[in-house]
Amino acid sequence: MFETMSFAMLVAGAVLLLLFLRSIVRIVPQNEAFVVERLGKYNRTLLAGFHITIPILERVAYKHSLKEFAVDVASQQAITRDNVPLSIDGVLYMKIMDPRSASYGVDNLEFAITQLAQTSMRAEIGKLTLDDTFESRENINARVTNAIDEASETWGTKVLRYEVKDISPPATILEEMEKQMGAERERRVAVTTSEGYRQAQINQAEGDRQAQILRAQGIAESMTIEATARAEAIRKISEAINEDGGTAAVAQQLAEQYVDAFDKLAREGTIALIPGDGGDISGMVAKAFTAYDQLKGTVDKTASRTGSV
């Protein structure tokens with residue numbers, strides 16, 4: 001019996017000792033802060049590590065996490081500058097910088113921050129039109145963040161950023177926006193089609209112009225080559241005539257051309273044209289040769305005059 005009572009007293013003593021030590025020793029985890037009150041009044045803030053408190057006189061009144069945390073801002077109604085009602089919600093990211101101010105500066109920190117975020121959001125939406133609210137989300141986030149951060153500084157918190165999650169206009173506005181988007185898509189298709197047609201016409205006109213230029217250049221080059229070839233042929237004929245036996249060659253050439261001409265007329269034509277002295281081929285050749293000599297003499301005189309001048 002005595003041994004049982006001794007064991008019970010030993011156990012009770014151990015429990016009391018543990019409770020006593022627990023009330024004295026405080027181990028604060030990393031990124032947390034404990035606010036200690038002595039006799040109901042703020043005394044100090046315990047950061048991460050090992051600490052000792054005075055039992056009965058001191059107690060840990062508040063525990064805060066120093067990590068960044070997110071607060072969901074519930075959906076609310078806001079009216080834009082052009083009188084369009086919107087349903088908008090968001091997420092607020094914040095961090096406690098001063099545990100003492102966060103404990104005694106406001107009764108419910110998250111509730112106060114949420115209400116401040118909704119108020120600031122309604123104020124910012126009221127400054128913008130409906131189109132601006134969709135195009136300027138980053139600006140809205142920055143303005144709301146600055147407004148909340150300035151107001152919550154006395155609460156020992158730092159508002160890091162605010163993100164708009166969703167902006168929902170009424171169903172009638174959505175239908176009008178869809179119609180507007182459909183009309184805009186049709187307009188873009190029409191513009192793209194017309195631009196393609198215009199570019200095709202420009203390309204075709206440019207192609208025709210280039211083709212005409214190339215054809216003209218081809219004709220010009222062909223005429224130049226042909227003229228050069230004729231000039232070269234005439235030059236060679238002239239050189240050949242001035243050589244020994246050139247005159248006899250000219251006479252023979254004229255006689256052959258004379259005979260070929262009458263032979264072609266006899267074969268192809270239905271009416272035969274026979275000169276009065278058609279039987280005297282040598283006479284006709286002589287006349288042609290005489291005309292050739294006269295023409296050659298005129299050319300030589302002109303060339304000599306040009307050279308002397």
# chains A, B, ... in the order shown; residues from 1 in each chain; ligands from 1
call {"tool": "select_by_dssp", "arguments": {"residues": "segment 114-219 of chain A", "states": "helix (DSSP H, G or I)", "output": "VMD selection string"}}
result
chain A and resid 114 to 125 130 to 135 137 to 151 153 to 155 171 to 219
call {"tool": "closest_residue", "arguments": {"among": "A:Thr172, A:Gln76, A:Thr193, A:Gln115", "to": "Leu92 of chain A", "atoms": "only C-alpha atoms"}}
result
A:Gln115
call {"tool": "residues_around", "arguments": {"residues": "Ala171 of chain A", "least_positions_apart": "6", "cutoff": "12 Å", "atoms": "only C-alpha atoms", "output": "count of residues only"}}
result
6
call {"tool": "closest_residue", "arguments": {"among": "A:Asp132, A:Asp89, A:Glu153, A:Asp82", "to": "Ser101 of chain A", "atoms": "only C-alpha atoms"}}
result
A:Glu153
call {"tool": "select_by_dssp", "arguments": {"residues": "segment 48-273 of chain A", "states": "strand (DSSP E or B)", "output": "JSON, numbers by chain"}}
result
{"A": [49, 50, 51, 52, 58, 59, 60, 61, 62, 63, 64, 65, 69, 70, 71, 72, 73, 74, 75, 76, 77, 78, 79, 85, 86, 87, 88, 89, 90, 91, 92, 93, 94, 95, 96, 157, 158, 159, 160, 161, 162, 163, 164, 165, 166, 167, 168]}
call {"tool": "residues_around", "arguments": {"residues": "Ile56 of chain A", "least_positions_apart": "6", "cutoff": "9 Å", "atoms": "only C-alpha atoms", "output": "list of chain:residue names"}}
result
A:Ser23, A:Arg38, A:Leu39
call {"tool": "residues_around", "arguments": {"residues": "Val36 of chain A", "least_positions_apart": "6", "cutoff": "8 Å", "atoms": "only C-alpha atoms", "output": "ChimeraX atom specification"}}
result
/A:42-46,58-62
call {"tool": "residues_around", "arguments": {"residues": "Ile125 of chain A", "least_positions_apart": "5", "cutoff": "8 Å", "atoms": "only C-alpha atoms", "output": "list in words"}}
result
Ala78, Ile79, Thr80, Arg81, Thr133 and Ile140 of chain A
call {"tool": "write_last_selection", "arguments": {"atoms": "N, CA and C atoms", "output": "compact mmCIF listing (two decimals), in the first residue's frame"}}
result
# COMPACT_ATOMS: atom_id res chain seq x y z
N ALA A 78 -19.22 45.38 -57.98
CA ALA A 78 -18.61 46.69 -58.19
C ALA A 78 -19.19 47.29 -59.46
N ILE A 79 -19.28 48.60 -59.51
CA ILE A 79 -19.85 49.31 -60.66
C ILE A 79 -18.77 50.14 -61.32
N THR A 80 -18.62 49.97 -62.63
CA THR A 80 -17.59 50.69 -63.38
C THR A 80 -18.02 52.14 -63.61
N ARG A 81 -17.12 52.90 -64.19
CA ARG A 81 -17.41 54.31 -64.45
C ARG A 81 -18.54 54.49 -65.46
N THR A 133 -11.23 47.58 -67.37
CA THR A 133 -11.09 46.55 -66.34
C THR A 133 -10.51 45.25 -66.90
N ILE A 140 -4.72 47.53 -62.03
CA ILE A 140 -5.67 47.38 -60.92
C ILE A 140 -5.01 46.69 -59.74
call {"tool": "atom_distance", "arguments": {"atom1": "atom CA of Thr157 of chain A", "atom2": "atom CA of Gly105 of chain A"}}
result
10.2 Å
call {"tool": "atom_distance", "arguments": {"atom1": "atom CA of Phe134 of chain A", "atom2": "atom CA of Val91 of chain A"}}
result
17.0 Å
call {"tool": "residues_around", "arguments": {"residues": "Ser120 of chain A", "least_positions_apart": "2", "cutoff": "12 Å", "atoms": "only C-alpha atoms", "output": "PyMOL selection string"}}
result
chain A and resi 73+76+78+90+113-118+122-127+140-151+162
call {"tool": "decode", "arguments": {"residues": "segment 135-162 of chain A", "atoms": "N, CA and C atoms", "output": "PDB file, in the first residue's frame"}}
result
ATOM      1  N   GLU A 135      -8.501  45.213 -69.693  1.00  0.00           N
ATOM      2  CA  GLU A 135      -7.204  45.506 -70.306  1.00  0.00           C
ATOM      3  C   GLU A 135      -6.152  45.922 -69.291  1.00  0.00           C
ATOM      4  N   SER A 136      -6.556  46.339 -68.102  1.00  0.00           N
ATOM      5  CA  SER A 136      -5.606  46.916 -67.137  1.00  0.00           C
ATOM      6  C   SER A 136      -5.602  46.159 -65.823  1.00  0.00           C
ATOM      7  N   ARG A 137      -5.578  44.840 -65.895  1.00  0.00           N
ATOM      8  CA  ARG A 137      -5.567  44.055 -64.650  1.00  0.00           C
ATOM      9  C   ARG A 137      -4.310  44.324 -63.835  1.00  0.00           C
ATOM     10  N   GLU A 138      -3.182  44.435 -64.497  1.00  0.00           N
ATOM     11  CA  GLU A 138      -1.934  44.680 -63.764  1.00  0.00           C
ATOM     12  C   GLU A 138      -1.989  46.015 -63.029  1.00  0.00           C
ATOM     13  N   ASN A 139      -2.534  47.034 -63.692  1.00  0.00           N
ATOM     14  CA  ASN A 139      -2.654  48.337 -63.030  1.00  0.00           C
ATOM     15  C   ASN A 139      -3.615  48.266 -61.857  1.00  0.00           C
ATOM     16  N   ILE A 140      -4.719  47.530 -62.026  1.00  0.00           N
ATOM     17  CA  ILE A 140      -5.674  47.381 -60.916  1.00  0.00           C
ATOM     18  C   ILE A 140      -5.007  46.694 -59.736  1.00  0.00           C
ATOM     19  N   ASN A 141      -4.284  45.612 -60.017  1.00  0.00           N
ATOM     20  CA  ASN A 141      -3.603  44.884 -58.941  1.00  0.00           C
ATOM     21  C   ASN A 141      -2.625  45.791 -58.194  1.00  0.00           C
ATOM     22  N   ALA A 142      -1.861  46.585 -58.944  1.00  0.00           N
ATOM     23  CA  ALA A 142      -0.867  47.454 -58.312  1.00  0.00           C
ATOM     24  C   ALA A 142      -1.533  48.528 -57.460  1.00  0.00           C
ATOM     25  N   ARG A 143      -2.614  49.128 -57.967  1.00  0.00           N
ATOM     26  CA  ARG A 143      -3.288  50.184 -57.203  1.00  0.00           C
ATOM     27  C   ARG A 143      -3.927  49.645 -55.938  1.00  0.00           C
ATOM     28  N   VAL A 144      -4.584  48.506 -56.033  1.00  0.00           N
ATOM     29  CA  VAL A 144      -5.202  47.910 -54.842  1.00  0.00           C
ATOM     30  C   VAL A 144      -4.134  47.532 -53.822  1.00  0.00           C
ATOM     31  N   THR A 145      -3.020  46.985 -54.292  1.00  0.00           N
ATOM     32  CA  THR A 145      -1.923  46.607 -53.385  1.00  0.00           C
ATOM     33  C   THR A 145      -1.401  47.816 -52.623  1.00  0.00           C
ATOM     34  N   ASN A 146      -1.178  48.930 -53.334  1.00  0.00           N
ATOM     35  CA  ASN A 146      -0.671  50.144 -52.674  1.00  0.00           C
ATOM     36  C   ASN A 146      -1.676  50.688 -51.670  1.00  0.00           C
ATOM     37  N   ALA A 147      -2.957  50.673 -52.056  1.00  0.00           N
ATOM     38  CA  ALA A 147      -3.981  51.214 -51.150  1.00  0.00           C
ATOM     39  C   ALA A 147      -4.074  50.384 -49.869  1.00  0.00           C
ATOM     40  N   ILE A 148      -4.069  49.067 -49.997  1.00  0.00           N
ATOM     41  CA  ILE A 148      -4.172  48.207 -48.812  1.00  0.00           C
ATOM     42  C   ILE A 148      -2.911  48.299 -47.972  1.00  0.00           C
ATOM     43  N   ASP A 149      -1.760  48.364 -48.625  1.00  0.00           N
ATOM     44  CA  ASP A 149      -0.493  48.379 -47.894  1.00  0.00           C
ATOM     45  C   ASP A 149      -0.376  49.631 -47.033  1.00  0.00           C
ATOM     46  N   GLU A 150      -0.804  50.757 -47.573  1.00  0.00           N
ATOM     47  CA  GLU A 150      -0.737  52.001 -46.794  1.00  0.00           C
ATOM     48  C   GLU A 150      -1.662  51.944 -45.576  1.00  0.00           C
ATOM     49  N   ALA A 151      -2.856  51.389 -45.776  1.00  0.00           N
ATOM     50  CA  ALA A 151      -3.823  51.351 -44.670  1.00  0.00           C
ATOM     51  C   ALA A 151      -3.467  50.311 -43.624  1.00  0.00           C
ATOM     52  N   SER A 152      -2.826  49.211 -44.029  1.00  0.00           N
ATOM     53  CA  SER A 152      -2.536  48.119 -43.091  1.00  0.00           C
ATOM     54  C   SER A 152      -1.171  48.246 -42.440  1.00  0.00           C
ATOM     55  N   GLU A 153      -0.466  49.325 -42.714  1.00  0.00           N
ATOM     56  CA  GLU A 153       0.860  49.487 -42.107  1.00  0.00           C
ATOM     57  C   GLU A 153       0.766  49.573 -40.592  1.00  0.00           C
ATOM     58  N   THR A 154      -0.291  50.193 -40.076  1.00  0.00           N
ATOM     59  CA  THR A 154      -0.448  50.308 -38.613  1.00  0.00           C
ATOM     60  C   THR A 154      -0.801  48.969 -37.973  1.00  0.00           C
ATOM     61  N   TRP A 155      -1.154  47.984 -38.783  1.00  0.00           N
ATOM     62  CA  TRP A 155      -1.486  46.657 -38.255  1.00  0.00           C
ATOM     63  C   TRP A 155      -0.285  45.720 -38.287  1.00  0.00           C
ATOM     64  N   GLY A 156       0.877  46.244 -38.615  1.00  0.00           N
ATOM     65  CA  GLY A 156       2.094  45.439 -38.602  1.00  0.00           C
ATOM     66  C   GLY A 156       2.186  44.419 -39.724  1.00  0.00           C
ATOM     67  N   THR A 157       1.477  44.639 -40.829  1.00  0.00           N
ATOM     68  CA  THR A 157       1.490  43.703 -41.960  1.00  0.00           C
ATOM     69  C   THR A 157       2.013  44.396 -43.207  1.00  0.00           C
ATOM     70  N   LYS A 158       2.526  43.590 -44.110  1.00  0.00           N
ATOM     71  CA  LYS A 158       3.017  44.072 -45.394  1.00  0.00           C
ATOM     72  C   LYS A 158       2.248  43.347 -46.498  1.00  0.00           C
ATOM     73  N   VAL A 159       1.493  44.104 -47.278  1.00  0.00           N
ATOM     74  CA  VAL A 159       0.754  43.526 -48.400  1.00  0.00           C
ATOM     75  C   VAL A 159       1.711  43.430 -49.582  1.00  0.00           C
ATOM     76  N   LEU A 160       1.994  42.214 -49.989  1.00  0.00           N
ATOM     77  CA  LEU A 160       2.967  41.996 -51.057  1.00  0.00           C
ATOM     78  C   LEU A 160       2.358  42.185 -52.441  1.00  0.00           C
ATOM     79  N   ARG A 161       1.176  41.626 -52.658  1.00  0.00           N
ATOM     80  CA  ARG A 161       0.524  41.786 -53.961  1.00  0.00           C
ATOM     81  C   ARG A 161      -0.940  41.365 -53.847  1.00  0.00           C
ATOM     82  N   TYR A 162      -1.688  41.831 -54.823  1.00  0.00           N
ATOM     83  CA  TYR A 162      -3.102  41.471 -54.928  1.00  0.00           C
ATOM     84  C   TYR A 162      -3.351  41.021 -56.359  1.00  0.00           C
TER      85      TYR A 162
END
